[in-house]
Amino acid sequence: MSRVSQPWPPVPVEPAEAHPKAPPAGTELGVHFGECFGCGDEVESGLHLRSRVGEGQTVHSKFTVTAAHQGAPGLAHGGLLACAFDEALGSTVGNLLRRPAVTGKLETDFRRPVPVGSTLYIATRLDGIAGRKIYVSADGHLDAEDGPIAVSARALFVVVGFEHFSNHGDPQALEKLAAAHEKAKRAREQREWEINP
Ligand SMILES: CCCCCCCC(=O)SCCNC(=O)CCNC(=O)[C@H](O)C(C)(C)COP(=O)(O)OP(=O)(O)OC[C@H]1O[C@@H](n2cnc3c(N)ncnc32)[C@H](O)[C@@H]1OP(=O)(O)O
């Protein structure tokens with residue numbers, strides 16, 4: 001089977017403009033939900049992926065592979081690597097475009113093994129938008145931002161209404177998330193007041 005993929009994005013797209021309120025380059029993106037397997041602090045064996053906004057509609061994420069993420073002995077499980085990309089790509093869409101969207105399609109190319117103990121540096125970019133369809137892609141570099149590419153991914157995210165989460169998700173978990181966001185917002189407002197009364 002050839003490694004040559006279909007053209008990307010697969011349909012004509014508009015350039016993806018970041019939302020006017022998108023966090024600027026250099027911003028460290030926090031945990032979006034404590035129980036998220038990709039980034040949550042409350043999931044001991046999770047990926048604990050951390051992300052920072054880069055220049056020109058990019059996001060830089062990283063996570064360190066632990067023994068909890070193994071497939072073959074001493075090597076990361078491919079499905080968990082795909083999870084890391086889903087998180088990094090989703091975080092890019094959510095933070096830069098500030099539109100609720102879910103993964104419709106996720107394609108991964110595994111180029112090199114990723115050993116336990118190594119850190120994957122994932123560089124994500126927005127590739128374009130066609131209606132509700134958002135195209136994003138990323139490269140995962142081994143052990144340094146300019147390290148060899150171990151995994152690449154590209155994905156289609158589809159914009160959804162908030163009812164996607166309220167109709168299909170867990171209402172209690174959504175309430176917990178809303179409360180955490182409200183607390184963070186109050187803390188931010190308090191900080192701004194202290195800095196600029
Ligand atoms: C900060 C947050 C970080 C979070 C990171 C984690 C993100 C996630 O993992 S989200 C969870 C995983 N994803 C899901 O659970 C999604 C489940 N799927 C769904 O809910 C639906 O199928 C959904 C919403 C994607 C699309 O359904 P629906 O809203 O009915 O739209 P639908 O008309 O089918 O599709 C919209 C467009 O996308 C296209 N499309 C949808 N899926 C695909 C696909 N797999 N391949 C190609 N095209 C697709 C459709 O062809 C359609 O195109 P067009 O507008 O040109 O006709």
# chains A, B, ... in the order shown; residues from 1 in each chain; ligands from 1

$ residues_near_ligand --ligand "ligand 1" --cutoff "8 Å" --atoms "only C-alpha atoms and all ligand atoms" --output "PyMOL selection string"
chain A and resi 32+38+83+86-95+101-106+130-133+156-160+164

$ write_last_selection --atoms "C-alpha atoms" --output "PDB file, in the first residue's frame"
ATOM      1  CA  HIS A  32     -10.338  21.876  29.109  1.00  0.00           C
ATOM      2  CA  GLY A  38      -6.046  13.554  26.710  1.00  0.00           C
ATOM      3  CA  CYS A  83      -5.638   9.938  21.027  1.00  0.00           C
ATOM      4  CA  ASP A  86      -7.154  13.942  18.540  1.00  0.00           C
ATOM      5  CA  GLU A  87      -6.596  16.033  21.675  1.00  0.00           C
ATOM      6  CA  ALA A  88      -3.984  18.327  20.109  1.00  0.00           C
ATOM      7  CA  LEU A  89      -6.043  18.855  16.940  1.00  0.00           C
ATOM      8  CA  GLY A  90      -9.281  19.357  18.900  1.00  0.00           C
ATOM      9  CA  SER A  91      -7.614  21.828  21.230  1.00  0.00           C
ATOM     10  CA  THR A  92      -6.376  23.787  18.203  1.00  0.00           C
ATOM     11  CA  VAL A  93      -9.859  23.954  16.681  1.00  0.00           C
ATOM     12  CA  GLY A  94     -11.545  24.808  19.997  1.00  0.00           C
ATOM     13  CA  ASN A  95      -9.083  27.473  21.096  1.00  0.00           C
ATOM     14  CA  ALA A 101     -16.685  20.907  16.953  1.00  0.00           C
ATOM     15  CA  VAL A 102     -16.121  17.160  17.162  1.00  0.00           C
ATOM     16  CA  THR A 103     -13.795  14.816  15.325  1.00  0.00           C
ATOM     17  CA  GLY A 104     -15.509  13.365  12.243  1.00  0.00           C
ATOM     18  CA  LYS A 105     -12.426  11.692  10.763  1.00  0.00           C
ATOM     19  CA  LEU A 106      -8.888  11.172  12.043  1.00  0.00           C
ATOM     20  CA  ALA A 130     -15.605  24.492   4.223  1.00  0.00           C
ATOM     21  CA  GLY A 131     -18.965  25.295   5.832  1.00  0.00           C
ATOM     22  CA  ARG A 132     -19.185  23.209   9.022  1.00  0.00           C
ATOM     23  CA  LYS A 133     -16.073  21.228   8.059  1.00  0.00           C
ATOM     24  CA  LEU A 156     -11.848  16.641   9.819  1.00  0.00           C
ATOM     25  CA  PHE A 157     -13.715  18.333  12.657  1.00  0.00           C
ATOM     26  CA  VAL A 158     -17.414  19.066  12.206  1.00  0.00           C
ATOM     27  CA  VAL A 159     -19.008  22.088  13.886  1.00  0.00           C
ATOM     28  CA  VAL A 160     -21.913  21.076  16.116  1.00  0.00           C
ATOM     29  CA  HIS A 164     -24.580  17.701  20.755  1.00  0.00           C
TER      30      HIS A 164
END

$ residues_around --residues "region 177-185 of chain A" --least-positions-apart "2" --cutoff "12 Å" --atoms "only C-alpha atoms" --output "list of chain:residue names"
A:Gly30, A:Val31, A:His32, A:Phe33, A:Gly34, A:Glu35, A:Cys36, A:Gly40, A:Phe165, A:Ser166, A:Gly169, A:Asp170, A:Pro171, A:Gln172, A:Ala173, A:Leu174, A:Glu175, A:Ala187, A:Arg188, A:Glu189, A:Gln190, A:Arg191, A:Glu192

$ write_last_selection --atoms "C-alpha atoms" --output "PDB file, in the first residue's frame"
ATOM      1  CA  GLY A  30      -5.148  24.956  30.196  1.00  0.00           C
ATOM      2  CA  VAL A  31      -6.934  21.691  30.821  1.00  0.00           C
ATOM      3  CA  HIS A  32     -10.338  21.876  29.109  1.00  0.00           C
ATOM      4  CA  PHE A  33     -11.891  19.163  31.322  1.00  0.00           C
ATOM      5  CA  GLY A  34     -10.252  17.519  34.349  1.00  0.00           C
ATOM      6  CA  GLU A  35     -11.568  14.066  33.424  1.00  0.00           C
ATOM      7  CA  CYS A  36     -10.396  14.227  29.801  1.00  0.00           C
ATOM      8  CA  GLY A  40      -7.153  16.023  32.349  1.00  0.00           C
ATOM      9  CA  PHE A 165     -23.044  17.616  24.235  1.00  0.00           C
ATOM     10  CA  SER A 166     -26.207  18.158  26.276  1.00  0.00           C
ATOM     11  CA  GLY A 169     -23.185  13.646  27.152  1.00  0.00           C
ATOM     12  CA  ASP A 170     -23.389  13.277  30.927  1.00  0.00           C
ATOM     13  CA  PRO A 171     -25.382  16.198  32.441  1.00  0.00           C
ATOM     14  CA  GLN A 172     -23.537  15.969  35.779  1.00  0.00           C
ATOM     15  CA  ALA A 173     -20.138  16.107  34.098  1.00  0.00           C
ATOM     16  CA  LEU A 174     -21.318  19.083  31.993  1.00  0.00           C
ATOM     17  CA  GLU A 175     -22.401  20.899  35.180  1.00  0.00           C
ATOM     18  CA  ALA A 187     -10.290  34.175  39.018  1.00  0.00           C
ATOM     19  CA  ARG A 188      -9.267  35.801  35.721  1.00  0.00           C
ATOM     20  CA  GLU A 189     -11.536  38.805  36.344  1.00  0.00           C
ATOM     21  CA  GLN A 190     -10.147  39.142  39.887  1.00  0.00           C
ATOM     22  CA  ARG A 191      -6.567  39.107  38.531  1.00  0.00           C
ATOM     23  CA  GLU A 192      -7.426  41.738  35.917  1.00  0.00           C
TER      24      GLU A 192
END

$ select_by_dssp --residues "region 64-124 of chain A" --states "helix (DSSP H, G or I)" --output "VMD selection string"
chain A and resid 67 to 69 78 to 97

$ residues_around --residues "region 10-20 of chain A" --least-positions-apart "4" --cutoff "8 Å" --atoms "only C-alpha atoms" --output "PDB file with N, CA and C atoms, in the first residue's frame"
ATOM      1  N   GLN A   6      -4.216  11.125  -0.275  1.00  0.00           N
ATOM      2  CA  GLN A   6      -5.045  11.961  -1.150  1.00  0.00           C
ATOM      3  C   GLN A   6      -4.715  13.426  -0.885  1.00  0.00           C
ATOM      4  N   GLN A  57      -1.630  30.730  13.534  1.00  0.00           N
ATOM      5  CA  GLN A  57      -2.663  29.685  13.623  1.00  0.00           C
ATOM      6  C   GLN A  57      -2.084  28.290  13.807  1.00  0.00           C
ATOM      7  N   LEU A  96      -8.495  28.166  18.835  1.00  0.00           N
ATOM      8  CA  LEU A  96      -8.238  29.189  17.817  1.00  0.00           C
ATOM      9  C   LEU A  96      -9.522  29.646  17.127  1.00  0.00           C
ATOM     10  N   LEU A  97     -10.456  28.734  16.921  1.00  0.00           N
ATOM     11  CA  LEU A  97     -11.687  29.114  16.216  1.00  0.00           C
ATOM     12  C   LEU A  97     -12.837  29.412  17.178  1.00  0.00           C
ATOM     13  N   ARG A  98     -12.736  28.900  18.404  1.00  0.00           N
ATOM     14  CA  ARG A  98     -13.781  29.086  19.429  1.00  0.00           C
ATOM     15  C   ARG A  98     -15.159  28.687  18.891  1.00  0.00           C
ATOM     16  N   LEU A 126      -4.074  24.878  11.347  1.00  0.00           N
ATOM     17  CA  LEU A 126      -5.412  24.900  10.754  1.00  0.00           C
ATOM     18  C   LEU A 126      -5.240  24.956   9.241  1.00  0.00           C
ATOM     19  N   ASP A 127      -5.864  24.039   8.523  1.00  0.00           N
ATOM     20  CA  ASP A 127      -5.642  23.969   7.073  1.00  0.00           C
ATOM     21  C   ASP A 127      -6.746  24.625   6.246  1.00  0.00           C
ATOM     22  N   GLY A 128      -7.928  24.798   6.818  1.00  0.00           N
ATOM     23  CA  GLY A 128      -8.997  25.459   6.065  1.00  0.00           C
ATOM     24  C   GLY A 128     -10.372  25.028   6.541  1.00  0.00           C
ATOM     25  N   ILE A 129     -11.367  25.773   6.070  1.00  0.00           N
ATOM     26  CA  ILE A 129     -12.754  25.560   6.495  1.00  0.00           C
ATOM     27  C   ILE A 129     -13.652  25.506   5.272  1.00  0.00           C
ATOM     28  N   ALA A 130     -14.589  24.567   5.280  1.00  0.00           N
ATOM     29  CA  ALA A 130     -15.605  24.492   4.223  1.00  0.00           C
ATOM     30  C   ALA A 130     -16.954  24.298   4.913  1.00  0.00           C
TER      31      ALA A 130
END

$ atom_distance --atom1 "CA of Thr124 (chain A)" --atom2 "CA of Leu142 (chain A)"
14.6 Å

$ closest_residue --among "A:His141, A:Arg3, A:His48, A:Arg111" --to "Ala84 (chain A)" --atoms "only C-alpha atoms"
A:His48

$ residues_around --residues "Phe37 (chain A)" --least-positions-apart "4" --cutoff "8 Å" --atoms "only C-alpha atoms" --output "MDAnalysis selection string"
chainID A and resid 43 46:48

$ write_last_selection --atoms "N, CA and C atoms" --output "compact mmCIF listing (two decimals), in the first residue's frame"
# COMPACT_ATOMS: atom_id res chain seq x y z
N VAL A 43 -7.04 12.25 35.59
CA VAL A 43 -6.88 10.91 35.02
C VAL A 43 -5.42 10.51 35.17
N GLY A 46 -3.72 9.09 32.24
CA GLY A 46 -4.00 9.82 31.00
C GLY A 46 -2.74 10.37 30.36
N LEU A 47 -2.93 11.10 29.26
CA LEU A 47 -1.77 11.60 28.50
C LEU A 47 -1.21 12.90 29.07
N HIS A 48 -2.04 13.65 29.79
CA HIS A 48 -1.60 14.94 30.38
C HIS A 48 -0.94 15.83 29.32

$ residues_around --residues "Ala25 (chain A)" --least-positions-apart "3" --cutoff "7 Å" --atoms "only C-alpha atoms" --output "MDAnalysis selection string"
chainID A and resid 53:55

$ write_last_selection --atoms "N, CA and C atoms" --output "PDB file, in the first residue's frame"
ATOM      1  N   VAL A  53      -0.147  28.149  22.327  1.00  0.00           N
ATOM      2  CA  VAL A  53      -0.458  28.742  21.017  1.00  0.00           C
ATOM      3  C   VAL A  53       0.840  29.206  20.362  1.00  0.00           C
ATOM      4  N   GLY A  54       0.982  28.882  19.064  1.00  0.00           N
ATOM      5  CA  GLY A  54       2.155  29.317  18.304  1.00  0.00           C
ATOM      6  C   GLY A  54       1.793  30.461  17.372  1.00  0.00           C
ATOM      7  N   GLU A  55       2.726  30.842  16.547  1.00  0.00           N
ATOM      8  CA  GLU A  55       2.495  31.912  15.569  1.00  0.00           C
ATOM      9  C   GLU A  55       1.663  31.348  14.406  1.00  0.00           C
TER      10      GLU A  55
END

$ residues_around --residues "region 113-122 of chain A" --least-positions-apart "5" --cutoff "7 Å" --atoms "only C-alpha atoms" --output "MDAnalysis selection string"
chainID A and resid 60:67 74:76 138:145 150

$ residues_around --residues "Asp109 (chain A)" --least-positions-apart "6" --cutoff "12 Å" --atoms "only C-alpha atoms" --output "list in words"
Ser2, Arg3, Val4, Ser5, Gly78, Gly79, Leu81, Ala82, Phe85, Ser137, Ala138, Asp139, Gly140, Ile149, Ala150, Val151, Ser152, Ala153, Arg154 and Ala155 of chain A

$ write_last_selection --atoms "C-alpha atoms" --output "PDB file, in the first residue's frame"
ATOM      1  CA  SER A   2       1.379   3.408  -0.956  1.00  0.00           C
ATOM      2  CA  ARG A   3       2.182   6.023   1.667  1.00  0.00           C
ATOM      3  CA  VAL A   4       1.000   8.723  -0.746  1.00  0.00           C
ATOM      4  CA  SER A   5      -2.207  10.227   0.625  1.00  0.00           C
ATOM      5  CA  GLY A  78      -0.722   3.416  18.353  1.00  0.00           C
ATOM      6  CA  GLY A  79      -4.269   4.064  19.531  1.00  0.00           C
ATOM      7  CA  LEU A  81      -0.797   8.152  19.977  1.00  0.00           C
ATOM      8  CA  ALA A  82      -3.919   8.741  17.840  1.00  0.00           C
ATOM      9  CA  PHE A  85      -3.370  13.840  18.108  1.00  0.00           C
ATOM     10  CA  SER A 137      -3.194  18.474  10.500  1.00  0.00           C
ATOM     11  CA  ALA A 138      -0.188  17.870  12.726  1.00  0.00           C
ATOM     12  CA  ASP A 139       3.283  16.343  12.920  1.00  0.00           C
ATOM     13  CA  GLY A 140       4.617  14.640  16.049  1.00  0.00           C
ATOM     14  CA  ILE A 149       8.724  13.020  12.723  1.00  0.00           C
ATOM     15  CA  ALA A 150       7.380   9.849  14.354  1.00  0.00           C
ATOM     16  CA  VAL A 151       3.658  10.317  13.679  1.00  0.00           C
ATOM     17  CA  SER A 152       1.615  12.587  11.411  1.00  0.00           C
ATOM     18  CA  ALA A 153      -2.127  13.079  11.479  1.00  0.00           C
ATOM     19  CA  ARG A 154      -4.867  14.934   9.695  1.00  0.00           C
ATOM     20  CA  ALA A 155      -8.442  15.331  10.688  1.00  0.00           C
TER      21      ALA A 155
END
